[in-house]
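One structure is given here, and the rest of the page talks about it.
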Amino acid sequence: MSFVKGLRCRECGHEYPVAPTNVCELCFGPVEVVYEYEAISRVISREKITRGPLNMSRYKELLPVDGDIIDIGTGFTPLTRAKHLGKVLGLDNLYIKNDCLNPSYSFKDRVVSIAVSKAIEFGFDTLACASTGNLAGAVAAHAAEAGLQSYVFVPADLEPSKLIGASVYGPTLVAVDGDYDQVNRLCSELADRFNWAFVNINIRPFYAEGSKTLGFEVAEQLGWRAPDYAIVPVASGSLFTKVWKGWQELHSLGLIGPVRTGMYVAQAAGSSPVVNAYEAGKQEVRPVKPNTICKSLAIGNPADGRYVLKILAESGGGAVAVSDDDIVDGMKLLAQTEGIFAETAGGVVTAALRKLASKKVFPKDAVVVALITGAGYKTLEAVSGHLPPALHIQPTVTSFEEALQKRKAEGQSTA
Amino acid sequence: MAKRRVMFTFPPDLITEPVIYTLGRKFRIATNIRRADVKEERGWAVLELDGKPEDIERGLEWVRSKGVRVDSISGDVLEG
């Protein structure tokens with residue numbers, strides 16, 4: 001059994017028993033999972049965690065699943081010391097948490113593994129989600145492993161590679177004609193109408209807890225401490241709030257020292273409601289209409305926006321928006337310095353990091369962790385027109401040498 | 001009869017207009033506000049609508065046509 005005490009409204013504090021619901025019946029605020037921390041403190045220790053499996057079950061005491069966690073190999077991704085990127089940015093202790101290396105190539109495997117495990121415990125036979133790519137793949141993959149049916153709703157104009165990346169796992173893929181608002185509206189209505197486990201609607205409180213494992217792993221991989229600074233891509237804001245919650249939990253259980261992490265939000269300028277609110281000194285997020293190449297962060301009305309703003313104030317962090325051109329440059333910079341090909345959200349994080357570093361926001365020796373949440377093969381089209389073409393040659397040494405010389409000359413003329 | 005939970009976000013020029021009252025009167029919908037925050041420059045309200053499904057649809061279309069943003073109470077459900 002888990003150590004879950006129940007659900008609690010984040011607005012009015014009303015408590016509920018565990019159930020597939022995401023809103024408080026009194027004030028319609030979001031509910032979240034609360035735990036019996038005293039009981040957890042009696043059984044958890046650094047040693048016990050260290051001996052555990054290198055997957056989501058490693059931190060099972062702090063996750064809301066009673067039985068086994070459905071596992072397709074998610075979690076314990078590398079925390080890489082980014083020496084070369086650090087050198088470019090003037091940071092001696094920069095780390096990349098590389099969540100590109102999850103089974104469906106994004107951090108969404110973390111949240112969906114918890115959502116699907118919980119959906120089975122609740123007795124659902126069907127998983128569903130509305131997604132622009134990463135979540136679709138993660139839901140379909142986990143449904144395949146768990147033997148559940150799945151319905152994945154995507155905007156009809158989604159890139160073909162993303163459709164294939166989800167449909168290969170065998171879901172019913174539904175391409176919806178309409179803009180983001182219309183897809184949102186439809187899926188909210190479907191969630192009311194069908195008795196399905198919509199992972200980020202009625203299962204959301206449990207689903208969101210999976211993101212804490214990113215924070216747990218970073219702390220463990222840093223030698224049981226939270227970083228001095230964290231740069232987190234923000235869409236709904238759930239990842240940001242849960243990484244923070246994860247570090248707070250580790251501290252409250254005595255597993256790490258006080259959390260003094262400066263939390264930084266990274267968003268694309270074409271969809272930056274949280275950055276807008278932060279810069280305007282507001283405590284509420286005003287919805288926007290997304291328009292950016294970074295579709296994985298294109299959330300105009302972030303569910304957890306106001307909680308992200310609270311953490312920004314509490315942690316003394318900040319928020320940065322970057323242009324689409326900066327995103328492409330960020331993807332190239334990360335790939336060409338660290339050998340990590342991230343999707344557009346990784347470009348957002350790298351570009352935000354560069355912007356913050358250029359303003360000397362971080363001391364040179366600070367421990368800075370950038371969360372890279374999805375692999376670049378999902379968004380090839382974002383960089384395809386921004387890279388030098390291949391040297392096209394005949395199968396002769398002469399042809400190669402000529403082409404090479406020409407390329408070098410071009411390089412010199414543009415240098 | 002049907003119930004629908006929604007969030008309205010009002011632009012500054014509608015803060016002083018009784019939009020929710022008119023919605024209820026004009027489309028025969030019972031409106032039940034659960035949370036709200038109204039300031040000079042903007043306002044939002046989370047509410048439940050109770051009425052005939054077609055009246056709710058027409059009412060929400062009217063609200064949108066006034067310039068009010070209508071969202072799910074849980075924010076965007078479309079994710080990356």
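Ordered as shown in the structure tokens, chains take letters A, B, and onward, while each chain numbers its residues from 1 and ligands are numbered from 1 in the order shown.
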Item to check | Residues of chain B in strand (DSSP E), written as a ChimeraX atom specification | outcome: /B:2-10,30-38,43-51,69-72,78-79
Produce a file of the selected residues containing C-alpha atoms, as a JSON list (two decimals), in the first residue's frame.
```json
[["chain", "number", "residue", "atom", "x", "y", "z"],
["B", 2, "ALA", "CA", -27.12, 19.82, -17.67],
["B", 3, "LYS", "CA", -24.33, 21.28, -15.60],
["B", 4, "ARG", "CA", -21.11, 22.80, -16.91],
["B", 5, "ARG", "CA", -18.12, 24.08, -14.93],
["B", 6, "VAL", "CA", -16.25, 26.92, -16.59],
["B", 7, "MET", "CA", -13.83, 29.76, -15.98],
["B", 8, "PHE", "CA", -14.55, 33.21, -17.38],
["B", 9, "THR", "CA", -11.74, 35.72, -17.86],
["B", 10, "PHE", "CA", -12.99, 39.27, -18.42],
["B", 30, "ALA", "CA", -28.64, 29.18, -13.12],
["B", 31, "THR", "CA", -25.14, 30.57, -12.49],
["B", 32, "ASN", "CA", -23.30, 29.56, -9.31],
["B", 33, "ILE", "CA", -19.99, 31.36, -8.70],
["B", 34, "ARG", "CA", -17.53, 29.28, -6.64],
["B", 35, "ARG", "CA", -14.40, 31.46, -6.81],
["B", 36, "ALA", "CA", -13.68, 34.83, -8.35],
["B", 37, "ASP", "CA", -11.22, 37.69, -8.34],
["B", 38, "VAL", "CA", -12.10, 41.01, -9.90],
["B", 43, "GLY", "CA", -11.27, 39.73, -13.53],
["B", 44, "TRP", "CA", -12.00, 36.03, -13.52],
["B", 45, "ALA", "CA", -14.72, 33.82, -12.13],
["B", 46, "VAL", "CA", -15.01, 30.06, -11.75],
["B", 47, "LEU", "CA", -18.63, 29.05, -11.89],
["B", 48, "GLU", "CA", -21.12, 26.28, -12.53],
["B", 49, "LEU", "CA", -23.86, 26.68, -15.10],
["B", 50, "ASP", "CA", -27.10, 24.74, -14.76],
["B", 51, "GLY", "CA", -29.64, 24.69, -17.56],
["B", 69, "ARG", "CA", -12.50, 34.09, -22.56],
["B", 70, "VAL", "CA", -14.17, 30.81, -21.60],
["B", 71, "ASP", "CA", -11.94, 28.00, -20.33],
["B", 72, "SER", "CA", -12.15, 24.68, -18.59],
["B", 78, "LEU", "CA", -4.10, 19.85, -24.22],
["B", 79, "GLU", "CA", -0.50, 19.08, -23.25]]
```
Please report, as a Markdown table, each residue of range 308-383 of chain A lying at most 10 Å from range 243-267 of chain A, together with the nearest pair of atoms and the separation in Å rounded to one decimal; use only C-alpha atoms, and order rows by chain and ascending residue number.
```
| residue | atom | partner | partner_atom | distance |
| --- | --- | --- | --- | --- |
| A:Val308 | CA | A:Val265 | CA | 8.4 |
| A:Leu309 | CA | A:Val265 | CA | 9.4 |
| A:Ile311 | CA | A:Met263 | CA | 7.5 |
| A:Leu312 | CA | A:Met263 | CA | 6.2 |
| A:Ala313 | CA | A:Met263 | CA | 9.3 |
| A:Glu314 | CA | A:Gly262 | CA | 9.0 |
| A:Ser315 | CA | A:Gly262 | CA | 5.2 |
| A:Gly316 | CA | A:Gly262 | CA | 5.6 |
| A:Gly317 | CA | A:Gly262 | CA | 4.4 |
| A:Gly318 | CA | A:Tyr264 | CA | 4.8 |
| A:Ala319 | CA | A:Val265 | CA | 4.4 |
| A:Val320 | CA | A:Ala266 | CA | 5.2 |
| A:Ala321 | CA | A:Gln267 | CA | 4.8 |
| A:Val322 | CA | A:Gln267 | CA | 6.6 |
| A:Ser323 | CA | A:Gln267 | CA | 9.1 |
| A:Ile327 | CA | A:Gln267 | CA | 9.8 |
| A:Ala345 | CA | A:Gln267 | CA | 8.2 |
| A:Gly346 | CA | A:Ala266 | CA | 9.6 |
| A:Gly347 | CA | A:Ala266 | CA | 9.8 |
| A:Val348 | CA | A:Ala266 | CA | 6.3 |
| A:Val349 | CA | A:Ala266 | CA | 5.6 |
| A:Thr350 | CA | A:Ala266 | CA | 8.9 |
| A:Ala351 | CA | A:Ala266 | CA | 8.6 |
| A:Ala352 | CA | A:Ala266 | CA | 5.9 |
| A:Leu353 | CA | A:Ala266 | CA | 8.3 |
| A:Leu356 | CA | A:Tyr264 | CA | 9.4 |
| A:Phe362 | CA | A:Gly262 | CA | 9.5 |
| A:Val367 | CA | A:Thr261 | CA | 9.4 |
| A:Val368 | CA | A:Thr261 | CA | 9.1 |
| A:Val369 | CA | A:Met263 | CA | 10.0 |
| A:Ala370 | CA | A:Tyr264 | CA | 9.5 |
```
Would you write out, as CSV, a table of all residues in chain A that have an atom no more than 6 Å from an atom of chain B, listing for each the closest atom pair and the distance in Å to one decimal, considering only C-alpha atoms and ordering rows by chain and rising residue number?
```
residue,atom,partner,partner_atom,distance
A:Cys27,CA,B:Arg34,CA,4.9
A:Ala130,CA,B:Leu78,CA,4.7
A:Ser131,CA,B:Glu79,CA,4.7
A:Thr132,CA,B:Gly80,CA,4.8
A:Gly133,CA,B:Gly80,CA,5.6
A:Asn134,CA,B:Gly80,CA,5.5
A:Leu135,CA,B:Gly80,CA,6.0
A:Asn184,CA,B:Val77,CA,5.6
A:Ser296,CA,B:Gly80,CA,3.6
A:Leu297,CA,B:Gly80,CA,6.0
A:Asn301,CA,B:Gly75,CA,5.4
A:Pro302,CA,B:Gly75,CA,5.6
A:Ala303,CA,B:Gly75,CA,4.2
```
Next on the checklist: Could you list, as a PyMOL selection string, every residue within 12 Å of Thr22 in chain B, counting only C-alpha atoms and ignoring same-chain residues fewer than 6 positions away?
Outcome noted: chain B and resi 28-31+59-60+62-63+66
Can you spit out the residues from that selection as a PDB file, in the first residue's frame, using C-alpha atoms?
```pdb
ATOM      1  CA  ARG B  28     -32.374  30.788 -18.491  1.00  0.00           C
ATOM      2  CA  ILE B  29     -29.216  29.423 -16.892  1.00  0.00           C
ATOM      3  CA  ALA B  30     -28.638  29.183 -13.121  1.00  0.00           C
ATOM      4  CA  THR B  31     -25.144  30.570 -12.491  1.00  0.00           C
ATOM      5  CA  GLY B  59     -25.127  31.248 -23.592  1.00  0.00           C
ATOM      6  CA  LEU B  60     -21.425  30.420 -23.761  1.00  0.00           C
ATOM      7  CA  TRP B  62     -22.879  34.809 -26.376  1.00  0.00           C
ATOM      8  CA  VAL B  63     -20.349  35.228 -23.547  1.00  0.00           C
ATOM      9  CA  LYS B  66     -18.834  39.679 -25.741  1.00  0.00           C
TER      10      LYS B  66
END
```
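Atom pair CA of Thr213 in chain A / CA of Arg110 in chain A: separated by 7.5 Å.
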